[in-house]
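Pasted below: data_34.tsv, TSV, C-alpha atoms.
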```tsv
chain	number	residue	atom	x	y	z
J	1	MET	CA	0.00	0.00	0.00
J	2	VAL	CA	1.32	3.44	-0.97
J	3	VAL	CA	-0.04	6.39	1.02
J	4	ALA	CA	0.80	10.04	0.48
J	5	GLU	CA	2.96	11.35	3.32
J	6	GLY	CA	0.84	12.77	6.17
J	7	ARG	CA	-2.39	11.65	4.47
J	8	ALA	CA	-2.99	8.21	5.97
J	9	THR	CA	-6.60	7.61	6.97
J	10	LEU	CA	-8.30	5.37	9.49
J	11	GLN	CA	-9.32	3.13	6.57
J	12	ASP	CA	-5.67	2.83	5.46
J	13	VAL	CA	-4.66	1.66	8.93
J	14	ALA	CA	-7.54	-0.84	9.04
J	15	GLU	CA	-6.60	-2.36	5.67
J	16	ARG	CA	-2.92	-2.67	6.59
J	17	ALA	CA	-3.71	-4.27	9.95
J	18	ARG	CA	-6.45	-6.47	8.41
J	19	VAL	CA	-9.12	-5.29	10.86
J	20	SER	CA	-12.21	-3.10	10.76
J	21	THR	CA	-12.10	0.69	11.21
J	22	ALA	CA	-14.10	0.20	14.41
J	23	THR	CA	-11.31	-1.97	15.81
J	24	VAL	CA	-8.72	0.67	14.91
J	25	SER	CA	-10.80	3.30	16.75
J	26	ARG	CA	-11.03	1.06	19.81
J	27	VAL	CA	-7.27	0.62	19.90
J	28	LEU	CA	-6.56	4.33	19.46
J	29	ASN	CA	-9.14	5.48	21.99
J	30	GLY	CA	-8.42	2.78	24.55
J	31	ASN	CA	-12.09	2.60	25.49
J	32	TYR	CA	-12.80	-1.05	24.64
J	33	PRO	CA	-10.91	-4.32	25.24
J	34	VAL	CA	-8.95	-5.55	22.19
J	35	ALA	CA	-6.93	-8.77	21.84
J	36	ALA	CA	-3.21	-8.23	22.37
J	37	GLU	CA	-2.24	-9.54	18.90
J	38	THR	CA	-4.84	-7.33	17.23
J	39	ARG	CA	-3.63	-4.30	19.17
J	40	ARG	CA	-0.05	-5.07	18.13
J	41	ARG	CA	-0.99	-5.20	14.42
J	42	VAL	CA	-2.92	-1.92	14.62
J	43	GLU	CA	-0.13	-0.10	16.44
J	44	LYS	CA	2.41	-1.40	13.93
J	45	ALA	CA	0.23	-0.15	11.06
J	46	VAL	CA	-0.13	3.25	12.70
J	47	ARG	CA	3.64	3.60	13.00
J	48	ALA	CA	4.30	2.38	9.47
J	49	LEU	CA	1.80	4.78	7.92
J	50	GLY	CA	2.54	7.72	10.19
J	51	TYR	CA	-1.16	7.97	10.97
J	52	VAL	CA	-2.29	10.89	13.14
J	53	ALA	CA	-5.82	10.86	14.55
J	54	ASN	CA	-7.98	13.64	13.16
J	55	ALA	CA	-9.00	15.91	16.02
J	56	HIS	CA	-12.24	16.95	14.33
J	57	ALA	CA	-13.28	13.37	13.69
J	58	ARG	CA	-12.55	12.49	17.30
J	59	ALA	CA	-14.70	15.45	18.39
J	60	LEU	CA	-17.61	14.24	16.27
J	61	ALA	CA	-17.25	10.84	17.90
J	62	GLY	CA	-17.50	12.44	21.34
J	63	VAL	CA	-13.94	11.56	22.34
J	64	THR	CA	-12.30	13.89	24.86
J	65	ASN	CA	-8.56	14.10	24.27
J	66	ARG	CA	-5.78	14.46	26.83
J	67	THR	CA	-5.42	18.19	26.26
J	68	ILE	CA	-5.92	20.99	28.76
J	69	GLY	CA	-6.85	24.39	27.37
J	70	VAL	CA	-5.50	27.49	29.12
J	71	VAL	CA	-6.85	31.02	28.63
J	72	VAL	CA	-4.82	34.01	29.86
J	73	SER	CA	-4.94	37.75	29.36
J	74	GLU	CA	-1.25	38.31	28.56
J	75	ILE	CA	1.41	35.65	28.12
J	76	VAL	CA	4.29	38.07	28.76
J	77	ASP	CA	2.93	39.25	32.12
J	78	PRO	CA	4.88	37.44	34.91
J	79	PHE	CA	1.65	36.95	36.90
J	80	PHE	CA	0.20	34.84	34.10
J	81	SER	CA	3.43	33.21	32.94
J	82	LEU	CA	4.22	31.88	36.41
J	83	ILE	CA	0.74	30.40	36.76
J	84	VAL	CA	1.03	28.86	33.29
J	85	HIS	CA	4.42	27.40	34.21
J	86	GLY	CA	2.78	25.63	37.14
J	87	ILE	CA	-0.04	24.42	34.88
J	88	GLN	CA	2.36	23.02	32.29
J	89	ARG	CA	4.55	21.25	34.84
J	90	GLU	CA	1.58	19.56	36.50
J	91	ALA	CA	-0.05	18.76	33.16
J	92	ALA	CA	3.13	17.05	31.95
J	93	ALA	CA	3.28	15.05	35.19
J	94	VAL	CA	-0.19	13.61	34.53
J	95	GLY	CA	0.31	12.96	30.83
J	96	ARG	CA	-1.50	15.98	29.42
J	97	ILE	CA	-0.45	18.71	27.04
J	98	CYS	CA	-1.56	22.34	27.11
J	99	LEU	CA	-3.04	24.57	24.45
J	100	ILE	CA	-2.67	28.22	25.45
J	101	GLY	CA	-4.74	31.12	24.17
J	102	SER	CA	-4.35	34.81	25.03
J	103	THR	CA	-7.07	37.45	24.98
J	104	LEU	CA	-4.37	40.16	24.59
J	105	GLY	CA	-6.10	42.11	27.32
J	106	GLU	CA	-9.51	42.03	25.59
J	107	GLU	CA	-11.38	40.14	28.27
J	108	HIS	CA	-14.52	39.57	26.18
J	109	ARG	CA	-12.43	37.36	23.86
J	110	GLU	CA	-12.09	34.71	26.57
J	111	LEU	CA	-15.54	33.37	25.60
J	112	GLU	CA	-14.40	32.88	21.99
J	113	ILE	CA	-11.24	31.05	23.04
J	114	ILE	CA	-13.13	28.83	25.50
J	115	GLU	CA	-15.55	27.88	22.73
J	116	LEU	CA	-12.69	27.05	20.35
J	117	LEU	CA	-10.97	24.85	22.94
J	118	HIS	CA	-14.28	23.15	23.70
J	119	GLU	CA	-14.74	22.40	19.99
J	120	GLN	CA	-11.31	20.75	20.07
J	121	ARG	CA	-12.61	18.48	22.86
J	122	ALA	CA	-10.18	19.69	25.50
J	123	GLU	CA	-10.51	17.61	28.63
J	124	ALA	CA	-10.72	20.84	30.61
J	125	VAL	CA	-10.28	24.57	30.12
J	126	ILE	CA	-8.48	26.61	32.78
J	127	LEU	CA	-9.43	30.27	32.79
J	128	VAL	CA	-6.63	32.29	34.41
J	129	GLY	CA	-6.79	35.74	36.00
J	130	GLY	CA	-9.34	38.24	37.21
J	131	ALA	CA	-12.99	37.99	36.14
J	132	LEU	CA	-14.77	40.65	34.12
J	133	LEU	CA	-17.47	41.99	36.45
J	134	ASP	CA	-20.22	42.17	33.85
J	135	ASP	CA	-23.52	40.31	34.32
J	136	LYS	CA	-23.97	39.55	30.62
J	137	HIS	CA	-20.44	38.21	30.33
J	138	GLN	CA	-20.82	36.10	33.46
J	139	SER	CA	-24.11	34.65	32.16
J	140	LYS	CA	-22.44	33.64	28.88
J	141	LEU	CA	-19.54	32.11	30.77
J	142	ALA	CA	-21.96	30.08	32.89
J	143	ALA	CA	-23.61	28.81	29.69
J	144	ARG	CA	-20.20	27.71	28.39
J	145	ALA	CA	-19.53	25.85	31.64
J	146	LYS	CA	-22.85	23.97	31.36
J	147	ALA	CA	-22.18	23.02	27.72
J	148	MET	CA	-18.74	21.73	28.66
J	149	GLU	CA	-20.10	19.63	31.50
J	150	ALA	CA	-22.71	18.11	29.17
J	151	SER	CA	-19.95	16.94	26.83
J	152	GLY	CA	-17.70	15.55	29.57
J	153	SER	CA	-15.33	18.51	29.79
J	154	LYS	CA	-14.77	20.89	32.69
J	155	LEU	CA	-14.24	24.60	33.31
J	156	VAL	CA	-11.72	25.49	36.01
J	157	LEU	CA	-11.28	29.08	37.20
J	158	CYS	CA	-7.79	30.00	38.35
J	159	GLY	CA	-7.06	33.24	40.17
J	160	ARG	CA	-10.69	34.29	40.31
J	161	PRO	CA	-13.68	33.43	42.51
J	162	PRO	CA	-16.17	30.74	41.43
J	163	LEU	CA	-19.18	31.44	39.24
J	164	ALA	CA	-22.57	31.92	40.85
J	165	PRO	CA	-24.22	28.60	41.79
J	166	PRO	CA	-25.48	26.29	40.43
J	167	THR	CA	-23.00	26.69	37.56
J	168	PRO	CA	-20.89	23.51	37.18
J	169	SER	CA	-17.31	24.73	37.63
J	170	THR	CA	-14.49	24.64	40.13
J	171	ALA	CA	-12.10	27.39	41.16
J	172	VAL	CA	-8.71	27.84	42.76
J	173	HIS	CA	-8.00	31.37	43.88
J	174	TYR	CA	-6.26	33.25	46.67
J	175	ASP	CA	-7.13	35.51	49.57
J	176	ASN	CA	-6.83	38.65	47.49
J	177	GLU	CA	-8.68	41.11	49.71
J	178	HIS	CA	-6.84	39.97	52.82
J	179	GLY	CA	-3.51	40.41	51.05
J	180	ALA	CA	-4.29	44.07	50.32
J	181	LEU	CA	-5.60	44.50	53.87
J	182	ASN	CA	-2.32	43.20	55.32
J	183	ALA	CA	-0.23	45.38	53.00
J	184	THR	CA	-2.17	48.54	53.89
J	185	ASP	CA	-2.15	47.69	57.59
J	186	HIS	CA	1.62	47.18	57.45
J	187	LEU	CA	2.04	50.72	56.12
J	188	MET	CA	-0.35	52.10	58.72
J	189	GLY	CA	1.57	50.30	61.43
J	190	LEU	CA	4.61	52.28	60.28
J	191	GLY	CA	2.69	55.51	60.80
J	192	HIS	CA	1.56	56.16	57.23
J	193	ARG	CA	-1.90	57.68	56.88
J	194	ARG	CA	-1.79	59.14	53.35
J	195	ILE	CA	-1.36	56.00	51.24
J	196	LEU	CA	-1.67	56.26	47.46
J	197	TYR	CA	-3.41	53.27	45.88
J	198	LEU	CA	-2.02	52.94	42.37
J	199	GLY	CA	-3.10	50.91	39.34
J	200	GLY	CA	-5.56	48.19	38.42
J	201	TRP	CA	-8.47	48.30	35.99
J	202	PRO	CA	-11.89	48.85	37.58
J	203	GLY	CA	-14.44	46.23	36.57
J	204	ILE	CA	-12.07	43.28	37.17
J	205	SER	CA	-12.45	41.04	40.23
J	206	THR	CA	-8.74	41.28	41.04
J	207	GLN	CA	-8.93	45.06	41.32
J	208	ARG	CA	-12.24	45.03	43.18
J	209	ASP	CA	-10.83	42.80	45.91
J	210	ARG	CA	-7.54	44.68	46.29
J	211	VAL	CA	-9.25	48.04	46.62
J	212	ALA	CA	-11.68	46.44	49.09
J	213	GLY	CA	-8.75	45.31	51.25
J	214	TYR	CA	-7.22	48.80	51.10
J	215	ARG	CA	-10.52	50.35	52.19
J	216	LEU	CA	-11.11	47.77	54.92
J	217	ALA	CA	-7.74	48.57	56.51
J	218	HIS	CA	-8.79	52.22	56.73
J	219	ASP	CA	-12.19	51.29	58.16
J	220	ARG	CA	-10.65	49.17	60.89
J	221	ARG	CA	-8.59	52.13	62.06
J	222	GLY	CA	-11.50	54.55	61.80
J	223	LEU	CA	-9.94	56.43	58.90
J	224	ALA	CA	-11.67	57.79	55.81
J	225	VAL	CA	-10.27	57.06	52.35
J	226	ASP	CA	-9.44	60.18	50.37
J	227	PRO	CA	-10.83	59.55	46.83
J	228	LYS	CA	-7.91	61.54	45.41
J	229	LEU	CA	-5.56	58.83	46.65
J	230	VAL	CA	-7.21	56.00	44.68
J	231	LEU	CA	-5.77	56.08	41.14
J	232	GLU	CA	-7.05	53.14	39.10
J	233	GLY	CA	-5.77	52.21	35.64
J	234	GLU	CA	-3.45	49.73	33.96
J	235	PHE	CA	-1.52	47.01	35.77
J	236	SER	CA	1.69	48.29	34.18
J	237	ARG	CA	5.07	49.84	34.84
J	238	ARG	CA	4.23	52.75	32.53
J	239	PHE	CA	1.04	53.58	34.45
J	240	GLY	CA	2.92	53.37	37.76
J	241	TYR	CA	5.57	55.76	36.50
J	242	GLU	CA	3.26	58.30	34.87
J	243	ARG	CA	0.68	58.55	37.65
J	244	THR	CA	3.30	58.73	40.40
J	245	ALA	CA	5.14	61.48	38.54
J	246	ARG	CA	1.86	63.35	38.04
J	247	ALA	CA	0.92	63.00	41.72
J	248	LEU	CA	4.28	64.50	42.70
J	249	THR	CA	3.90	67.35	40.22
J	250	ASP	CA	0.34	68.06	41.42
J	251	GLY	CA	1.52	68.23	45.02
J	252	THR	CA	-0.63	65.29	46.16
J	253	ASP	CA	-0.01	64.62	49.84
J	254	PHE	CA	1.14	61.01	50.41
J	255	THR	CA	3.91	59.20	52.25
J	256	ALA	CA	3.36	55.67	50.91
J	257	ILE	CA	2.17	53.82	47.83
J	258	LEU	CA	0.30	50.52	47.62
J	259	ALA	CA	0.61	49.41	44.00
J	260	ALA	CA	-1.89	47.03	42.40
J	261	ASN	CA	0.95	44.79	41.21
J	262	ASP	CA	4.74	44.65	41.20
J	263	ALA	CA	5.11	46.07	37.68
J	264	THR	CA	3.14	49.15	38.73
J	265	ALA	CA	5.28	49.40	41.86
J	266	ALA	CA	8.47	49.24	39.77
J	267	GLY	CA	7.24	52.17	37.70
J	268	ALA	CA	6.42	54.11	40.87
J	269	LEU	CA	9.92	53.48	42.24
J	270	GLN	CA	11.48	54.87	39.07
J	271	ALA	CA	9.27	57.96	39.12
J	272	LEU	CA	10.13	58.65	42.75
J	273	ARG	CA	13.83	58.28	42.01
J	274	ASP	CA	13.63	60.55	38.95
J	275	ASN	CA	11.88	63.20	41.04
J	276	GLY	CA	14.41	63.17	43.84
J	277	ARG	CA	12.41	61.13	46.35
J	278	ARG	CA	14.18	58.54	48.47
J	279	VAL	CA	12.62	55.12	49.07
J	280	PRO	CA	11.86	54.32	51.83
J	281	GLN	CA	13.06	57.43	53.69
J	282	ASP	CA	10.63	59.81	51.94
J	283	VAL	CA	8.05	57.43	50.49
J	284	SER	CA	7.40	53.74	51.24
J	285	VAL	CA	6.24	51.45	48.43
J	286	VAL	CA	4.46	48.07	48.57
J	287	GLY	CA	3.67	45.89	45.55
J	288	TYR	CA	1.46	42.87	44.98
J	289	ASP	CA	2.11	39.38	43.45
J	290	ASP	CA	5.81	38.83	44.38
J	291	VAL	CA	7.00	38.14	40.82
J	292	PRO	CA	10.80	38.01	40.24
J	293	VAL	CA	11.14	41.76	39.56
J	294	ALA	CA	10.13	42.46	43.17
J	295	ALA	CA	13.45	41.16	44.47
J	296	GLU	CA	15.43	42.95	41.74
J	297	THR	CA	14.25	46.55	42.21
J	298	VAL	CA	16.31	49.09	44.12
J	299	PRO	CA	15.48	48.93	46.93
J	300	ALA	CA	14.00	45.43	46.88
J	301	LEU	CA	10.22	45.60	47.01
J	302	THR	CA	8.03	44.74	49.96
J	303	THR	CA	5.10	42.91	48.37
J	304	VAL	CA	2.21	40.50	48.84
J	305	HIS	CA	3.19	36.96	47.88
J	306	ILE	CA	0.73	34.91	45.84
J	307	PRO	CA	1.57	31.18	45.35
J	308	LEU	CA	1.25	31.56	41.57
J	309	GLN	CA	2.85	28.29	40.43
J	310	GLU	CA	1.07	26.27	43.10
J	311	MET	CA	-2.21	27.82	42.00
J	312	GLY	CA	-1.52	26.61	38.45
J	313	ARG	CA	-0.66	23.11	39.65
J	314	ALA	CA	-3.80	22.98	41.77
J	315	ALA	CA	-5.90	24.04	38.76
J	316	VAL	CA	-4.67	21.01	36.81
J	317	ARG	CA	-5.39	18.70	39.74
J	318	LEU	CA	-8.90	20.10	39.87
J	319	ALA	CA	-9.24	19.66	36.13
J	320	VAL	CA	-8.26	16.00	36.00
J	321	GLY	CA	-8.73	14.79	39.56
J	322	GLY	CA	-11.77	16.57	40.97
J	323	GLU	CA	-12.34	17.24	44.66
J	324	ASP	CA	-9.74	19.56	46.16
J	325	GLY	CA	-7.10	19.03	43.52
J	326	GLY	CA	-5.54	16.08	45.30
J	327	GLY	CA	-4.22	18.01	48.28
J	328	ARG	CA	-5.22	20.21	51.18
J	329	LYS	CA	-2.78	23.10	50.75
J	330	GLY	CA	-5.62	25.63	50.98
J	331	ASP	CA	-9.18	25.96	52.23
J	332	TRP	CA	-11.56	23.78	50.19
J	333	SER	CA	-15.30	24.34	50.19
J	334	ASP	CA	-18.09	22.44	48.42
J	335	GLU	CA	-20.92	24.45	47.02
J	336	ALA	CA	-24.27	23.84	45.30
J	337	GLY	CA	-24.49	22.62	41.73
J	338	GLY	CA	-21.33	20.54	41.77
J	339	GLN	CA	-19.16	23.56	42.45
J	340	GLY	CA	-16.18	23.80	44.70
J	341	SER	CA	-13.40	26.25	45.40
J	342	LEU	CA	-9.90	26.06	46.80
J	343	VAL	CA	-8.55	29.24	48.42
J	344	LEU	CA	-4.79	29.59	48.86
J	345	GLY	CA	-3.27	31.99	51.36
J	346	THR	CA	-1.18	35.10	50.73
J	347	HIS	CA	1.46	36.69	52.94
J	348	LEU	CA	3.48	39.87	53.05
J	349	VAL	CA	7.17	39.66	52.11
J	350	LEU	CA	9.13	42.41	53.87
J	351	ARG	CA	12.03	43.90	51.93
J	352	GLY	CA	13.72	47.29	51.80
J	353	SER	CA	11.04	49.53	50.28
J	354	THR	CA	9.10	50.30	53.48
J	355	ALA	CA	10.03	52.28	56.58
J	356	PRO	CA	8.34	54.45	59.24
J	357	ALA	CA	6.55	57.51	57.89
J	358	PRO	CA	8.54	60.76	57.82
J	359	VAL	CA	8.15	62.79	60.98
J	360	GLU	CA	6.42	65.60	59.12
J	361	GLY	CA	3.76	63.11	57.84
J	362	ALA	CA	3.83	64.19	54.21
J	363	ALA	CA	5.90	63.70	51.07
J	364	PRO	CA	8.37	66.53	50.30
J	365	ALA	CA	7.17	69.19	47.91
J	366	ALA	CA	7.90	68.53	44.25
J	367	GLY	CA	11.18	70.00	43.10
```
What is this file in structure tokens?
Amino acid sequence: MVVAEGRATLQDVAERARVSTATVSRVLNGNYPVAAETRRRVEKAVRALGYVANAHARALAGVTNRTIGVVVSEIVDPFFSLIVHGIQREAAAVGRICLIGSTLGEEHRELEIIELLHEQRAEAVILVGGALLDDKHQSKLAARAKAMEASGSKLVLCGRPPLAPPTPSTAVHYDNEHGALNATDHLMGLGHRRILYLGGWPGISTQRDRVAGYRLAHDRRGLAVDPKLVLEGEFSRRFGYERTARALTDGTDFTAILAANDATAAGALQALRDNGRRVPQDVSVVGYDDVPVAAETVPALTTVHIPLQEMGRAAVRLAVGGEDGGGRKGDWSDEAGGQGSLVLGTHLVLRGSTAPAPVEGAAPAAG
């Protein structure tokens, strides 16, 4: 038999192995007992012909493959890349491969990518990062989760809270609000009262929870939050630099900065340095996430540590193992509708970017 390279069909394999196409399918899918000699002949034919199973045909047959889909906002962002690293390592350990799609920051595109991965019969889809706080979007996401469950697949949320019950999904996330509460309280314990909150898009669950923690720390000390000190925007170094520089130029009164993530904090550090402010003597700075750049800034950044890689590994365990991801490294809770969520802890990492507030209680005037 002569077959064009890369064009071997299921029928070609069946003819070479002298069996039916149904028997070939049983061998390839491993879902039905086949005699050892028959299996040997089929596998030999597959190798000889270089046959590759057609993903679309497998989908039509209702066969879920050993692929895990991953949806992220930005691949180059260390927050996402570290989670994805954990996902890939755990997936490899359990014999799965990953298909990764990026929304490029356009959060509404996550529905399109989930649908595409579902069409490819991914065993599970892991949705990474903060949730878009939009009722219409959440309703569509819940519909995707139900369709996936009906076909034997699963939606796992990673780094965001679970969907409203009774949506069939599981989630692994972290104590986001408490992390921001601890960071703000640390600065207040050092005597800071004018704390600039910097960065983070409104309308995303990540930002909602971090601002909530910042506000809660003020509430617990009986302090009002000055709206002028809450500057929301991009999770980026550029935003951190530009808004810090503008706050200094405008004469905004602050002695500390809580940045929405470490990249934003790095930009703030640069702006302070360029404007003649010393860190931490004049202004203290705290970041969030504890990605590698946090230990490389000058001074090294005090920040909230999130177990990013462990969160990715736990997401895979939830995807292929159910229950609490195969371990009790966080707080697991069962909810209605087949839901469940695993919450991992955060903690503050103290480095050189924080110190007691200046005696005068305000940042120096802009020079």
Practice item. Would you list the contacts of J:Ser73 as a list in words, taking every protein, DNA or RNA residue within 8 Å and counting all atoms listed in the file, but skipping same-chain residues closer than 2 positions in sequence? Key: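 Once the adjacent positions are removed, what remains is Val71, Ile75, Phe80, Ser102, Thr103, Leu104, Gly105, Glu106, Glu107, Val128 and Gly129 of chain J.
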Review point. What is the distance, in Å and to one decimal place, between atom CA of J:Ser153 and atom CA of J:Pro307?
Key: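 Taking atom CA of J:Ser153 as the start and atom CA of J:Pro307 as the end point, the length is 26.2 Å.
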Practice item. Rank J:Glu112, J:Asp219, J:Asp209, J:Asp290 by their smallest atom-to-atom distance to J:Asp175, using all atoms listed in the file, and report the top residue only. Key: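 Of J:Glu112, J:Asp219, J:Asp209, J:Asp290, the one nearest J:Asp175 is J:Asp209, counting all atoms listed in the file.
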Exercise for review: Return the single residue from J:Ala268, J:Val225, J:Val291, J:Val172 that is closest to J:Arg194, with distances computed using all atoms listed in the file.
Suggested key: J:Val225
Review point. With all atoms listed in the file as the atoms that count, which of J:Leu181, J:Lys44, J:Ala35, J:Glu149 lies nearest to J:Ala14?
Key: J:Lys44
Need the shell around J:Phe235: protein/DNA/RNA residues with any atom at most 12 Å away, counting only C-alpha atoms. Skip same-chain ones fewer than 2 positions apart. Format as a PDB file with C-alpha atoms, in the frame of the given file?
```pdb
ATOM      1  CA  SER J  73      -4.940  37.750  29.360  1.00  0.00           C
ATOM      2  CA  GLU J  74      -1.250  38.310  28.560  1.00  0.00           C
ATOM      3  CA  ASP J  77       2.930  39.250  32.120  1.00  0.00           C
ATOM      4  CA  PRO J  78       4.880  37.440  34.910  1.00  0.00           C
ATOM      5  CA  PHE J  79       1.650  36.950  36.900  1.00  0.00           C
ATOM      6  CA  GLY J 105      -6.100  42.110  27.320  1.00  0.00           C
ATOM      7  CA  GLY J 130      -9.340  38.240  37.210  1.00  0.00           C
ATOM      8  CA  LEU J 198      -2.020  52.940  42.370  1.00  0.00           C
ATOM      9  CA  GLY J 199      -3.100  50.910  39.340  1.00  0.00           C
ATOM     10  CA  GLY J 200      -5.560  48.190  38.420  1.00  0.00           C
ATOM     11  CA  TRP J 201      -8.470  48.300  35.990  1.00  0.00           C
ATOM     12  CA  PRO J 202     -11.890  48.850  37.580  1.00  0.00           C
ATOM     13  CA  ILE J 204     -12.070  43.280  37.170  1.00  0.00           C
ATOM     14  CA  THR J 206      -8.740  41.280  41.040  1.00  0.00           C
ATOM     15  CA  GLN J 207      -8.930  45.060  41.320  1.00  0.00           C
ATOM     16  CA  LEU J 231      -5.770  56.080  41.140  1.00  0.00           C
ATOM     17  CA  GLU J 232      -7.050  53.140  39.100  1.00  0.00           C
ATOM     18  CA  GLY J 233      -5.770  52.210  35.640  1.00  0.00           C
ATOM     19  CA  ARG J 237       5.070  49.840  34.840  1.00  0.00           C
ATOM     20  CA  ARG J 238       4.230  52.750  32.530  1.00  0.00           C
ATOM     21  CA  PHE J 239       1.040  53.580  34.450  1.00  0.00           C
ATOM     22  CA  GLY J 240       2.920  53.370  37.760  1.00  0.00           C
ATOM     23  CA  TYR J 241       5.570  55.760  36.500  1.00  0.00           C
ATOM     24  CA  ARG J 243       0.680  58.550  37.650  1.00  0.00           C
ATOM     25  CA  ALA J 259       0.610  49.410  44.000  1.00  0.00           C
ATOM     26  CA  ALA J 260      -1.890  47.030  42.400  1.00  0.00           C
ATOM     27  CA  ASN J 261       0.950  44.790  41.210  1.00  0.00           C
ATOM     28  CA  ASP J 262       4.740  44.650  41.200  1.00  0.00           C
ATOM     29  CA  ALA J 263       5.110  46.070  37.680  1.00  0.00           C
ATOM     30  CA  THR J 264       3.140  49.150  38.730  1.00  0.00           C
ATOM     31  CA  ALA J 265       5.280  49.400  41.860  1.00  0.00           C
ATOM     32  CA  ALA J 266       8.470  49.240  39.770  1.00  0.00           C
ATOM     33  CA  GLY J 267       7.240  52.170  37.700  1.00  0.00           C
ATOM     34  CA  ALA J 268       6.420  54.110  40.870  1.00  0.00           C
ATOM     35  CA  GLY J 287       3.670  45.890  45.550  1.00  0.00           C
ATOM     36  CA  TYR J 288       1.460  42.870  44.980  1.00  0.00           C
ATOM     37  CA  ASP J 289       2.110  39.380  43.450  1.00  0.00           C
TER      38      ASP J 289
END
```
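Taking atom CA of J:Ala224 and atom CA of J:Ala357 as the two end points, the separation is 18.3 Å.
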**Study point:** Residue neighbourhood J:Val84, 9 Å, all atoms listed in the file, exclusion window fewer than 5 positions, as a list in words
**Key:**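 So the residues in contact are Val70, Val72, Ile75, Phe79, Arg89, Ile100, Val128, Leu308, Gln309, Gly312 and Arg313 of chain J.
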Review point. Which residue, J:Leu49, J:Leu163, J:Ala315, J:Ala245, has the smallest gap to J:Arg273 when you use all atoms listed in the file?
Key: J:Ala245
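When all atoms listed in the file are used to measure the gap to J:Val349, the shortest distance among J:Gln270, J:His186, J:Val298, J:Gln120 belongs to J:His186.
Of the residues listed (J:Glu90, J:Asp274, J:Glu43, J:Glu37), J:Glu90 shows the shortest atom-to-atom separation from J:Met311; distances use all atoms listed in the file.
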Review point. Quick one: residues within 8 Å of J:Ala212, all atoms listed in the file counted, chain neighbours fewer than 3 positions away excluded, as a list in words?
Key: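 In the requested format, the answer is Glu177, Ala180, Leu181, Arg208, Asp209, Arg215 and Leu216 of chain J.
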Check your understanding: Which neighbours of J:Pro356 fall inside 8 Å, counting all atoms listed in the file, when residues of the same chain fewer than 4 positions from it are skipped, and could you give them as a ChimeraX atom specification?
Key -> /J:187,190-192,281
Practice item. Please measure the separation of atom CA of J:Lys154 and atom CA of J:Ser169, giving the value in Å to one decimal. Key: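 According to the coordinates, atom CA of J:Lys154 and atom CA of J:Ser169 are separated by 6.8 Å.
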